[in-house]
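Structure file entry_2.txt (compact mmCIF, C-alpha atoms and all ligand atoms) follows.
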# COMPACT_ATOMS: atom_id res chain seq x y z
CA MET A 1 116.44 42.38 90.58
CA PRO A 2 113.31 44.59 90.75
CA ASP A 3 111.77 45.27 94.17
CA ILE A 4 109.55 42.46 95.29
CA ASP A 5 106.08 43.23 96.59
CA TYR A 6 103.74 41.39 98.96
CA SER A 7 101.43 39.73 96.46
CA THR A 8 104.17 38.80 94.01
CA TYR A 9 106.24 37.18 96.75
CA LEU A 10 103.26 35.19 98.06
CA ARG A 11 101.91 34.38 94.59
CA LEU A 12 98.54 35.61 95.78
CA HIS A 13 97.21 35.75 92.25
CA GLU A 14 97.52 31.95 92.03
CA VAL A 15 96.58 31.15 95.64
CA LEU A 16 93.54 33.44 95.80
CA GLY A 17 92.48 32.49 92.30
CA ALA A 18 92.21 28.82 93.18
CA GLN A 19 88.73 28.71 94.79
CA HIS A 20 86.18 27.45 92.30
CA PRO A 21 82.84 26.30 93.78
CA VAL A 22 81.06 23.74 91.61
CA SER A 23 77.49 24.50 92.76
CA PRO A 24 76.98 27.35 90.22
CA LEU A 25 77.78 24.83 87.46
CA HIS A 26 74.68 22.95 88.65
CA GLY A 27 72.60 26.10 88.77
CA VAL A 28 72.67 26.20 92.57
CA GLU A 29 73.89 28.98 94.83
CA ALA A 30 75.44 27.23 97.86
CA HIS A 31 76.97 29.97 99.98
CA ASP A 32 78.95 27.61 102.26
CA GLU A 33 80.83 25.85 99.48
CA MET A 34 83.45 28.65 99.59
CA LEU A 35 84.10 27.94 103.29
CA PHE A 36 84.38 24.23 102.50
CA ILE A 37 86.96 24.84 99.77
CA VAL A 38 89.02 27.38 101.72
CA THR A 39 89.09 25.11 104.79
CA HIS A 40 90.37 22.14 102.79
CA GLN A 41 92.95 24.24 101.00
CA VAL A 42 94.26 25.64 104.27
CA TYR A 43 94.55 22.07 105.57
CA GLU A 44 96.53 21.03 102.52
CA LEU A 45 98.89 24.01 102.94
CA TRP A 46 99.55 23.05 106.56
CA PHE A 47 100.02 19.41 105.50
CA LYS A 48 102.65 20.68 103.07
CA GLN A 49 104.46 22.47 105.92
CA ILE A 50 104.29 19.33 108.10
CA ILE A 51 105.82 17.23 105.30
CA TYR A 52 108.55 19.86 104.89
CA GLU A 53 109.38 19.62 108.62
CA LEU A 54 109.11 15.82 108.59
CA ASP A 55 111.58 15.57 105.70
CA SER A 56 114.09 17.80 107.50
CA VAL A 57 113.79 15.73 110.70
CA LEU A 58 114.24 12.53 108.66
CA GLU A 59 117.38 14.00 107.11
CA VAL A 60 118.96 14.69 110.53
CA LEU A 61 117.89 11.35 112.00
CA GLN A 62 119.46 9.47 109.09
CA ARG A 63 122.95 10.58 110.04
CA ASP A 64 125.10 7.89 111.65
CA SER A 65 125.43 9.88 114.82
CA ILE A 66 123.36 12.77 116.04
CA ASP A 67 125.60 15.46 117.41
CA ASP A 68 124.18 17.31 120.41
CA ASN A 69 127.05 19.79 120.25
CA THR A 70 125.91 21.03 116.84
CA GLY A 71 122.34 21.36 118.02
CA ASP A 72 120.99 18.45 115.92
CA MET A 73 118.78 17.20 118.71
CA GLY A 74 117.56 20.72 119.51
CA ILE A 75 116.53 21.18 115.87
CA ILE A 76 114.67 17.87 115.83
CA VAL A 77 112.78 18.73 119.02
CA GLN A 78 111.86 22.19 117.77
CA ARG A 79 110.52 20.86 114.47
CA VAL A 80 108.53 17.99 115.92
CA ASN A 81 107.01 20.46 118.39
CA ARG A 82 106.12 22.68 115.44
CA MET A 83 104.41 19.76 113.72
CA ALA A 84 102.41 19.09 116.87
CA ALA A 85 101.45 22.78 117.13
CA ILE A 86 100.17 22.69 113.55
CA TRP A 87 98.01 19.63 114.30
CA ARG A 88 96.64 21.38 117.37
CA LEU A 89 95.56 24.25 115.11
CA LEU A 90 94.11 21.82 112.55
CA GLY A 91 91.96 20.29 115.28
CA ARG A 92 90.59 23.71 116.21
CA GLN A 93 89.84 24.60 112.59
CA ILE A 94 86.99 22.14 112.75
CA ASP A 95 85.16 24.77 114.86
CA ILE A 96 84.96 26.96 111.77
CA LEU A 97 83.64 24.23 109.48
CA GLU A 98 81.05 23.34 112.12
CA THR A 99 79.47 26.76 111.67
CA MET A 100 78.10 25.19 108.46
CA SER A 101 74.82 23.40 109.17
CA PRO A 102 73.94 19.96 107.75
CA LEU A 103 71.37 21.67 105.49
CA ASP A 104 73.99 24.13 104.23
CA PHE A 105 76.26 21.18 103.43
CA LEU A 106 73.47 19.30 101.65
CA GLU A 107 73.14 22.20 99.22
CA PHE A 108 76.33 21.12 97.46
CA ARG A 109 77.41 17.79 98.97
CA ASN A 110 76.13 15.52 96.19
CA PHE A 111 78.00 17.53 93.55
CA LEU A 112 81.28 16.38 95.14
CA MET A 113 80.84 12.62 94.67
CA PRO A 114 83.07 10.62 94.62
CA ALA A 115 85.72 13.16 95.77
CA SER A 116 86.61 12.87 99.46
CA GLY A 117 89.26 13.70 102.07
CA PHE A 118 90.17 10.04 101.82
CA GLN A 119 92.01 11.01 98.64
CA SER A 120 94.30 13.48 100.44
CA VAL A 121 97.67 12.11 99.43
CA GLN A 122 99.52 14.53 101.71
CA PHE A 123 97.63 13.23 104.75
CA LYS A 124 98.63 9.66 103.91
CA LEU A 125 102.22 10.71 103.23
CA ILE A 126 102.42 12.29 106.69
CA GLU A 127 101.24 9.03 108.27
CA ALA A 128 103.66 6.97 106.16
CA LYS A 129 106.69 9.21 106.75
CA ALA A 130 106.00 9.30 110.50
CA GLY A 131 106.07 5.50 110.43
CA LEU A 132 102.52 4.15 110.48
CA ARG A 133 102.93 0.73 108.87
CA VAL A 134 100.33 -0.91 106.68
CA ALA A 135 100.22 -3.92 109.02
CA SER A 136 99.31 -1.72 112.00
CA ARG A 137 96.53 0.13 110.20
CA TYR A 138 92.84 -0.48 110.51
CA GLY A 139 91.84 -2.32 107.34
CA GLY A 140 95.44 -2.86 106.17
CA GLU A 141 95.97 -1.78 102.56
CA TYR A 142 92.44 -0.37 102.37
CA TYR A 143 93.67 3.10 103.35
CA LYS A 144 95.11 3.56 99.88
CA HIS A 145 92.56 1.66 97.86
CA MET A 146 92.11 2.76 94.25
CA GLY A 147 89.00 2.97 92.11
CA HIS A 148 85.72 4.70 93.05
CA GLY A 149 86.38 7.21 95.85
CA GLY A 150 89.93 5.89 96.25
CA VAL A 151 93.36 7.31 95.48
CA SER A 152 94.80 7.53 91.96
CA GLU A 153 97.40 5.10 90.66
CA THR A 154 100.09 7.80 90.84
CA ASP A 155 99.19 8.69 94.44
CA HIS A 156 99.16 5.02 95.37
CA ALA A 157 102.69 4.61 94.02
CA HIS A 158 103.81 7.77 95.80
CA ILE A 159 102.48 6.60 99.19
CA THR A 160 103.87 3.08 98.73
CA ALA A 161 107.31 4.52 97.93
CA ALA A 162 107.23 6.61 101.16
CA GLU A 163 106.46 3.45 103.14
CA THR A 164 109.60 1.72 101.88
CA ARG A 165 111.92 4.58 102.90
CA PRO A 166 113.23 5.16 106.46
CA THR A 167 110.55 6.73 108.66
CA ILE A 168 110.66 8.73 111.87
CA LYS A 169 109.76 5.54 113.68
CA THR A 170 112.41 3.27 112.14
CA LEU A 171 115.09 5.94 112.65
CA LEU A 172 113.95 6.58 116.23
CA ARG A 173 114.24 2.85 116.90
CA ALA A 174 117.78 2.73 115.47
CA TRP A 175 118.77 5.81 117.50
CA LEU A 176 117.42 4.27 120.70
CA GLU A 177 119.17 0.98 119.96
CA ARG A 178 122.57 2.62 119.62
CA MET A 179 122.23 4.75 122.76
CA PRO A 180 125.34 4.04 124.85
CA TYR A 181 124.02 4.25 128.41
CA LEU A 182 122.86 0.70 128.73
CA MET A 183 125.98 -0.76 127.15
CA LYS A 184 128.13 -2.99 129.27
CA LYS A 185 131.33 -0.95 129.01
CA LEU A 186 129.97 1.89 131.17
CA TRP A 187 128.82 -0.48 133.92
CA THR A 188 130.76 -2.53 136.48
CA SER A 189 131.01 -6.31 136.81
CA ASP A 190 128.85 -6.12 139.98
CA LEU A 191 126.30 -3.79 138.49
CA THR A 192 125.67 -4.83 134.90
CA PRO A 193 122.80 -3.45 132.78
CA ARG A 194 121.15 -6.87 133.09
CA ARG A 195 121.29 -6.76 136.91
CA PHE A 196 119.95 -3.23 136.86
CA LEU A 197 116.97 -4.40 134.80
CA THR A 198 116.28 -7.30 137.16
CA ALA A 199 116.44 -4.95 140.16
CA TYR A 200 114.21 -2.48 138.34
CA ARG A 201 111.65 -5.16 137.57
CA ARG A 202 111.61 -6.16 141.24
CA ALA A 203 111.09 -2.55 142.34
CA TYR A 204 108.40 -2.12 139.66
CA LEU A 205 106.44 -5.19 140.73
CA ALA A 206 106.69 -4.09 144.37
CA SER A 207 105.28 -0.69 143.41
CA LEU A 208 102.04 -2.11 141.95
CA ASN A 209 98.88 -1.78 143.97
CA ASN A 210 96.41 -4.62 144.55
CA LEU A 211 94.20 -3.67 141.63
CA GLU A 212 96.95 -4.61 139.16
CA ASP A 213 97.45 -8.13 137.89
CA ARG A 214 101.04 -8.72 139.00
CA GLU A 215 101.57 -11.85 136.97
CA THR A 216 100.46 -10.25 133.71
CA ARG A 217 102.59 -7.20 134.42
CA ARG A 218 105.65 -9.34 135.17
CA ASP A 219 105.22 -11.34 131.93
CA GLU A 220 104.61 -8.21 129.91
CA PHE A 221 107.70 -6.57 131.39
CA SER A 222 109.86 -9.50 130.28
CA ARG A 223 108.20 -9.63 126.89
CA ILE A 224 108.65 -5.94 126.18
CA PHE A 225 112.09 -5.24 127.65
CA VAL A 226 113.83 -8.61 127.27
CA ARG A 227 112.23 -11.02 124.81
CA ASP A 228 110.19 -9.51 121.99
CA GLY A 229 110.00 -5.75 122.31
CA HIS A 230 106.77 -3.82 121.81
CA GLY A 231 104.98 -2.94 118.56
CA ASP A 232 107.63 -1.69 116.16
CA PHE A 233 110.35 -1.39 118.83
CA THR A 234 112.96 -4.01 119.78
CA PRO A 235 113.67 -4.83 123.45
CA ALA A 236 116.90 -2.75 123.25
CA ALA A 237 114.99 0.27 121.91
CA MET A 238 112.32 -0.11 124.61
CA ARG A 239 114.98 -0.36 127.34
CA SER A 240 116.63 2.85 126.16
CA ALA A 241 113.31 4.68 125.94
CA LEU A 242 112.48 3.54 129.48
CA PHE A 243 115.91 4.67 130.68
CA ILE A 244 115.38 8.12 129.14
CA MET A 245 111.98 8.40 130.83
CA LEU A 246 113.44 7.40 134.20
CA TYR A 247 116.52 9.63 134.10
CA ARG A 248 114.98 12.52 132.20
CA ASP A 249 116.20 15.01 134.83
CA TYR A 250 119.86 14.44 133.96
CA PRO A 251 121.32 16.98 131.50
CA VAL A 252 122.18 14.45 128.82
CA PHE A 253 118.62 13.16 128.63
CA GLN A 254 116.78 16.44 128.59
CA LEU A 255 116.61 16.82 124.81
CA PRO A 256 116.07 13.09 124.14
CA TYR A 257 113.20 13.21 126.64
CA GLN A 258 111.72 16.27 124.95
CA PHE A 259 112.01 14.46 121.60
CA LEU A 260 109.95 11.53 122.89
CA VAL A 261 107.39 13.88 124.44
CA ALA A 262 107.13 15.91 121.23
CA LEU A 263 106.42 12.72 119.26
CA LEU A 264 103.75 11.76 121.78
CA GLU A 265 102.22 15.21 121.46
CA PHE A 266 102.23 14.98 117.65
CA ASP A 267 100.53 11.58 117.85
CA GLU A 268 97.97 12.84 120.37
CA GLN A 269 97.08 15.93 118.34
CA LEU A 270 96.63 13.81 115.21
CA SER A 271 94.31 11.47 117.14
CA ILE A 272 92.37 14.44 118.54
CA TRP A 273 91.93 15.66 114.97
CA ARG A 274 90.67 12.21 113.92
CA TYR A 275 88.18 12.25 116.78
CA ARG A 276 86.93 15.77 116.03
CA HIS A 277 86.66 14.97 112.32
CA LEU A 278 84.58 11.91 113.22
CA MET A 279 82.29 13.93 115.51
CA MET A 280 81.91 16.62 112.86
CA LEU A 281 80.91 14.15 110.20
CA SER A 282 78.47 12.48 112.58
CA ARG A 283 76.62 15.75 113.12
CA MET A 284 77.01 16.80 109.48
CA ILE A 285 75.85 13.63 107.68
CA GLY A 286 74.59 11.35 110.49
CA LEU A 287 74.80 7.73 109.39
CA ARG A 288 74.92 8.46 105.66
CA VAL A 289 77.76 7.13 103.56
CA GLY A 290 80.62 9.57 102.86
CA THR A 291 81.10 11.10 99.43
CA GLY A 292 84.05 8.76 98.85
CA GLY A 293 81.96 5.80 100.02
CA VAL A 294 84.70 4.28 102.17
CA ASN A 295 83.22 4.95 105.60
CA ARG A 296 80.48 2.32 105.53
CA GLU A 297 79.67 0.69 108.82
CA GLY A 298 80.23 -3.07 108.89
CA LYS A 299 77.73 -5.29 110.70
CA ASN A 300 78.53 -4.80 114.42
CA LYS A 301 81.84 -3.37 113.30
CA ASP A 302 83.50 0.02 113.38
CA SER A 303 83.26 2.21 110.32
CA TYR A 304 86.57 2.93 108.56
CA LEU A 305 87.11 6.24 110.37
CA GLU A 306 86.22 4.79 113.80
CA GLY A 307 88.66 1.95 113.20
CA ALA A 308 91.36 4.38 112.06
CA LEU A 309 90.89 6.43 115.24
CA LYS A 310 91.47 3.36 117.41
CA SER A 311 94.24 1.63 115.44
CA ASN A 312 96.24 4.27 113.61
CA ARG A 313 98.30 5.55 116.52
CA LEU A 314 101.85 6.51 115.57
CA PHE A 315 103.79 6.11 118.81
CA ALA A 316 101.53 4.13 121.15
CA GLU A 317 104.58 2.13 122.29
CA LEU A 318 106.05 5.28 123.87
CA ALA A 319 102.80 6.12 125.62
CA ASP A 320 102.65 2.57 126.98
CA LEU A 321 105.99 3.11 128.73
CA SER A 322 104.16 4.96 131.48
CA THR A 323 102.80 1.57 132.58
CA TYR A 324 106.34 0.66 133.67
CA LEU A 325 107.48 3.77 135.53
CA ILE A 326 108.10 3.89 139.26
CA GLU A 327 108.64 6.67 141.78
CA ARG A 328 112.07 8.31 141.55
CA ARG A 329 112.88 7.42 145.15
CA MET A 330 112.48 3.71 144.38
CA LEU A 331 114.93 3.64 141.47
CA PRO A 332 117.67 1.00 141.89
CA GLN A 333 121.26 2.08 142.16
CA ILE A 334 123.32 2.68 138.99
CA PRO A 335 127.14 2.91 138.81
CA VAL A 336 128.82 6.26 139.47
CA GLY A 337 130.46 6.05 136.02
CA VAL A 338 127.08 5.96 134.29
CA LEU A 339 125.73 8.77 136.49
CA ARG A 340 128.75 10.86 135.56
CA GLU A 341 128.10 10.24 131.86
CA LEU A 342 124.50 11.30 132.27
CA GLY A 343 125.67 14.64 133.58
CA PHE A 344 127.37 15.70 130.35
CA ALA A 345 126.35 16.17 126.73
CA HIS A 346 127.61 13.47 124.40
CA SER A 347 127.85 13.10 120.65
C1 LIG B 401 81.79 18.58 106.17
C2 LIG B 401 82.98 18.22 106.51
C3 LIG B 401 83.52 16.82 106.33
C4 LIG B 401 82.86 15.65 106.23
C5 LIG B 401 81.36 15.40 106.31
C6 LIG B 401 83.86 14.62 106.03
C7 LIG B 401 83.59 13.30 105.87
C8 LIG B 401 84.53 12.32 105.63
C9 LIG B 401 84.23 10.93 105.37
C10 LIG B 401 82.83 10.33 105.36
C11 LIG B 401 85.41 10.30 105.19
C12 LIG B 401 85.62 8.83 104.85
C13 LIG B 401 85.78 8.70 103.37
C14 LIG B 401 84.45 8.69 102.65
O1 LIG B 401 83.68 7.74 102.83
O2 LIG B 401 84.19 9.66 101.92
C15 LIG B 401 86.45 11.27 105.32
C16 LIG B 401 87.80 10.97 105.26
C17 LIG B 401 88.78 11.91 105.40
N1 LIG B 401 88.60 13.27 105.53
FE1 LIG B 401 86.86 14.23 105.82
N2 LIG B 401 85.09 15.21 106.04
C18 LIG B 401 84.94 16.55 106.20
C19 LIG B 401 85.94 17.50 106.26
C20 LIG B 401 87.28 17.24 106.16
C21 LIG B 401 88.32 18.22 106.21
C22 LIG B 401 88.16 19.73 106.43
C23 LIG B 401 89.49 17.57 106.04
C24 LIG B 401 90.84 18.20 105.98
C25 LIG B 401 91.71 17.90 105.06
C26 LIG B 401 89.18 16.16 105.88
C27 LIG B 401 90.11 15.16 105.70
C28 LIG B 401 89.84 13.84 105.59
C29 LIG B 401 90.86 12.81 105.51
C30 LIG B 401 92.37 13.03 105.56
C31 LIG B 401 90.21 11.60 105.41
C32 LIG B 401 90.86 10.23 105.33
C33 LIG B 401 91.20 9.77 106.76
C34 LIG B 401 91.92 8.40 106.81
O3 LIG B 401 92.14 7.78 105.76
O4 LIG B 401 92.24 7.97 107.94
N3 LIG B 401 87.83 15.99 105.97
N4 LIG B 401 85.89 12.49 105.59

Using structure tokens, write down the structure that the file contains.
Amino acid sequence: MPDIDYSTYLRLHEVLGAQHPVSPLHGVEAHDEMLFIVTHQVYELWFKQIIYELDSVLEVLQRDSIDDNTGDMGIIVQRVNRMAAIWRLLGRQIDILETMSPLDFLEFRNFLMPASGFQSVQFKLIEAKAGLRVASRYGGEYYKHMGHGGVSETDHAHITAAETRPTIKTLLRAWLERMPYLMKKLWTSDLTPRRFLTAYRRAYLASLNNLEDRETRRDEFSRIFVRDGHGDFTPAAMRSALFIMLYRDYPVFQLPYQFLVALLEFDEQLSIWRYRHLMMLSRMIGLRVGTGGVNREGKNKDSYLEGALKSNRLFAELADLSTYLIERRMLPQIPVGVLRELGFAHS
């Protein structure tokens, strides 16, 4: 093999040869179109890296059991944290695009119609692989509509296929459901998991201050942890997630806790990006319709991007758990056997 050099290894000829502004084709010299192209390309490269990490996390989570002793959980946590760090950077990149003024953008904006970020298939694959379901989305199926300004038939099929495969969210739910710590065999006949939950609910209700609606909270507690579950999570999954949050200081829960926090961070950074993107477009194009034409404002209704910001959360159920936490000192007793288990790594 001949020696490899920097530009051959990085295929710089192809990467750096892929910026082709369209304004000169219209006889216009729009200086900022280069920044616009480079920014979007950098985004798509980072999206590629996020999908690469997502796929590797999905592969580990799909195993029947996740073995802490081989570092599986450590790898998952590290990669989800990396995904969150990338989104944090993507949020900040908006600063650079905002150095372009609305007038600079107008120089070339109309030449782009009907192309739009809405057609970013990688962005939609990230959402789908993480577990955002069509039913939970703002506007349902609209997010992958075809035709003018929409996604192509091939991209539509690609996104739909990703939705039918296991996602981070469905695999997280299954992992939480099979967690052993709230299973009867570790508990005693006096102190069953069910009794623990009843005692916990009592302590929780007692911890609420007068501004809270106790009755609603009590009903919601039963709905979420006993009857129906919450969002995409079953009651068993929600109970395990709550248990991890409560006993996060024990060795066995440290990585599971970090996993949940990393997912929350990923979700938060994605939402921050959505918000910043929305603010940027407001100052860039005001109330005008986007180049893809999908962001029209309904009468007294949110525009598509405002709706997506509010509805398209990935792991809101985990964030909502904080509603049901109590002070450590008020935690009800759990059997010594379970405490002992929490002290050691398990597989
Ligand atoms: C001048 C800068 C930008 C403006 C004015 C802008 C505007 C818009 C508008 C109006 C939409 C809604 C679709 C439409 O009606 O066209 C949209 C969607 C979108 N844009 Fe941008 N955008 C900008 C930069 C970016 C950048 C740098 C990215 C990075 C990839 C991006 C990614 C997206 C994505 C992923 C969507 C779809 C979001 C979803 O379906 O939830 N945009 N953008």

Distance criterion (all atoms listed in the file): nearest to ligand LIG 401 (chain B) out of A:Asn209, A:Ser120, A:Asn81, A:Ser303:
A:Ser120

Atomic separation - CA of Gly293 in chain A relative to CA of Gly149 in chain A, Å:
6.2 Å

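Each of A:Leu305, A:Leu246, A:Leu182, A:Leu321 was compared to ligand LIG 401 (chain B) using all atoms listed in the file, and A:Leu305 turns out to be the nearest.
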
So which residues touch range 128-132 of chain A within 6 Å, counting all atoms listed in the file, skipping near sequence neighbours fewer than 6 positions away, as number ranges by chain?
A: 163, 167-169, 314

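The shortest atom-to-atom distance to ligand LIG 401 (chain B), with all atoms listed in the file taken into account, belongs to A:Thr39 out of A:Ser136, A:Thr39, A:Gln254, A:Thr192.
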
Given a cut-off of 8 Å, what residues near ligand LIG 401 (chain B) show up using all atoms listed in the file, put as a PyMOL selection string?
chain A and resi 36+39-41+43-44+94+97-98+100+105+114-120+123-124+143-144+149+274+277-278+280-282+284-285+289-296+304-305+308-309+312

So what do you get for CA of Ile326 in chain A versus CA of Glu215 in chain A, distance-wise?
17.2 Å

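Around Leu208 in chain A, within 12 Å and counting all atoms listed in the file, the residues found are Arg201, Arg202, Ala203, Tyr204, Leu205, Leu211, Glu212, Asp213, Arg214, Glu215, Thr216, Arg217, Arg218, Thr323, Tyr324, Leu325, Ile326 and Glu327 of chain A, once anything fewer than 3 positions away on its own chain is removed.
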
Can I get the residues of range 47-122 of chain A within 12 Å of range 264-268 of chain A, each with the closest pair of atoms and their distance in Å to one decimal, using all atoms listed in the file, sorted chain first then ascending number, as a Markdown table?
| residue | atom | partner | partner_atom | distance |
| --- | --- | --- | --- | --- |
| A:Ile50 | CA | A:Phe266 | CA | 10.7 |
| A:Leu54 | CA | A:Phe266 | CA | 11.4 |
| A:Val77 | CA | A:Phe266 | CA | 11.3 |
| A:Arg79 | CA | A:Phe266 | CA | 10.6 |
| A:Val80 | CA | A:Phe266 | CA | 7.2 |
| A:Asn81 | CA | A:Phe266 | CA | 7.3 |
| A:Arg82 | CA | A:Phe266 | CA | 8.9 |
| A:Met83 | CA | A:Phe266 | CA | 6.6 |
| A:Ala84 | CA | A:Phe266 | CA | 4.2 |
| A:Ala85 | CA | A:Phe266 | CA | 7.9 |
| A:Ile86 | CA | A:Phe266 | CA | 9.0 |
| A:Trp87 | CA | A:Phe266 | CA | 7.1 |
| A:Arg88 | CA | A:Phe266 | CA | 8.5 |
| A:Leu89 | CA | A:Phe266 | CA | 11.7 |
| A:Leu90 | CA | A:Phe266 | CA | 11.8 |
| A:Gly91 | CA | A:Glu268 | CA | 10.8 |

Can you list, as a JSON list (two decimals) with C-alpha atoms, keeping the file's coordinate frame, every protein, DNA or RNA residue that comes within 10 Å of Glu317 in chain A when you count only C-alpha atoms, leaving out same-chain residues fewer than 2 positions away?
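Contents of result_22.json, freshly written:
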[["chain", "number", "residue", "atom", "x", "y", "z"],
["A", 224, "ILE", "CA", 108.65, -5.94, 126.18],
["A", 229, "GLY", "CA", 110.00, -5.75, 122.31],
["A", 230, "HIS", "CA", 106.77, -3.82, 121.81],
["A", 231, "GLY", "CA", 104.98, -2.94, 118.56],
["A", 232, "ASP", "CA", 107.63, -1.69, 116.16],
["A", 233, "PHE", "CA", 110.35, -1.39, 118.83],
["A", 238, "MET", "CA", 112.32, -0.11, 124.61],
["A", 241, "ALA", "CA", 113.31, 4.68, 125.94],
["A", 264, "LEU", "CA", 103.75, 11.76, 121.78],
["A", 313, "ARG", "CA", 98.30, 5.55, 116.52],
["A", 314, "LEU", "CA", 101.85, 6.51, 115.57],
["A", 315, "PHE", "CA", 103.79, 6.11, 118.81],
["A", 319, "ALA", "CA", 102.80, 6.12, 125.62],
["A", 320, "ASP", "CA", 102.65, 2.57, 126.98],
["A", 321, "LEU", "CA", 105.99, 3.11, 128.73],
["A", 322, "SER", "CA", 104.16, 4.96, 131.48]]

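For the atom pair formed by CA of Leu197 in chain A and CA of Lys184 in chain A, the distance is 12.5 Å, given to one decimal.
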
Padding 3 Å on each side, edges along x, y and z: where is the centre of the box around the listed atoms of range 30-46 of chain A, and how long are its edges in Å to one decimal? Output it as lines of an AutoDock Vina configuration file.
center_x = 87.5
center_y = 25.5
center_z = 102.2
size_x = 30.1
size_y = 14.9
size_z = 14.7

Nearest residue to Glu59 in chain A out of A:Gly27, A:Gly147, A:Gly286, A:Pro166, using all atoms listed in the file?
A:Pro166

Tell me which protein, DNA and RNA residues are within 10 Å of Asp64 in chain A, counting all atoms listed in the file, leaving out same-chain ones fewer than 4 positions away, and put them as JSON, numbers by chain.
{"A": [60, 174, 175, 178]}

Quick one: of A:Met279, A:Tyr6, A:Val38, A:Ile244, who's nearest to His20 in chain A, counting all atoms listed in the file?
A:Val38

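The list of residues with at least one atom within 10 Å of Val42 in chain A, based on all atoms listed in the file and without residues fewer than 5 positions apart in the same chain, reads Ile37, Phe47, Lys48, Leu90 and Gln93 of chain A.
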
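Distances to Glu341 in chain A were evaluated for A:Phe196, A:Tyr142, A:Phe225, A:Phe253 using all atoms listed in the file, and the minimum falls at A:Phe253.
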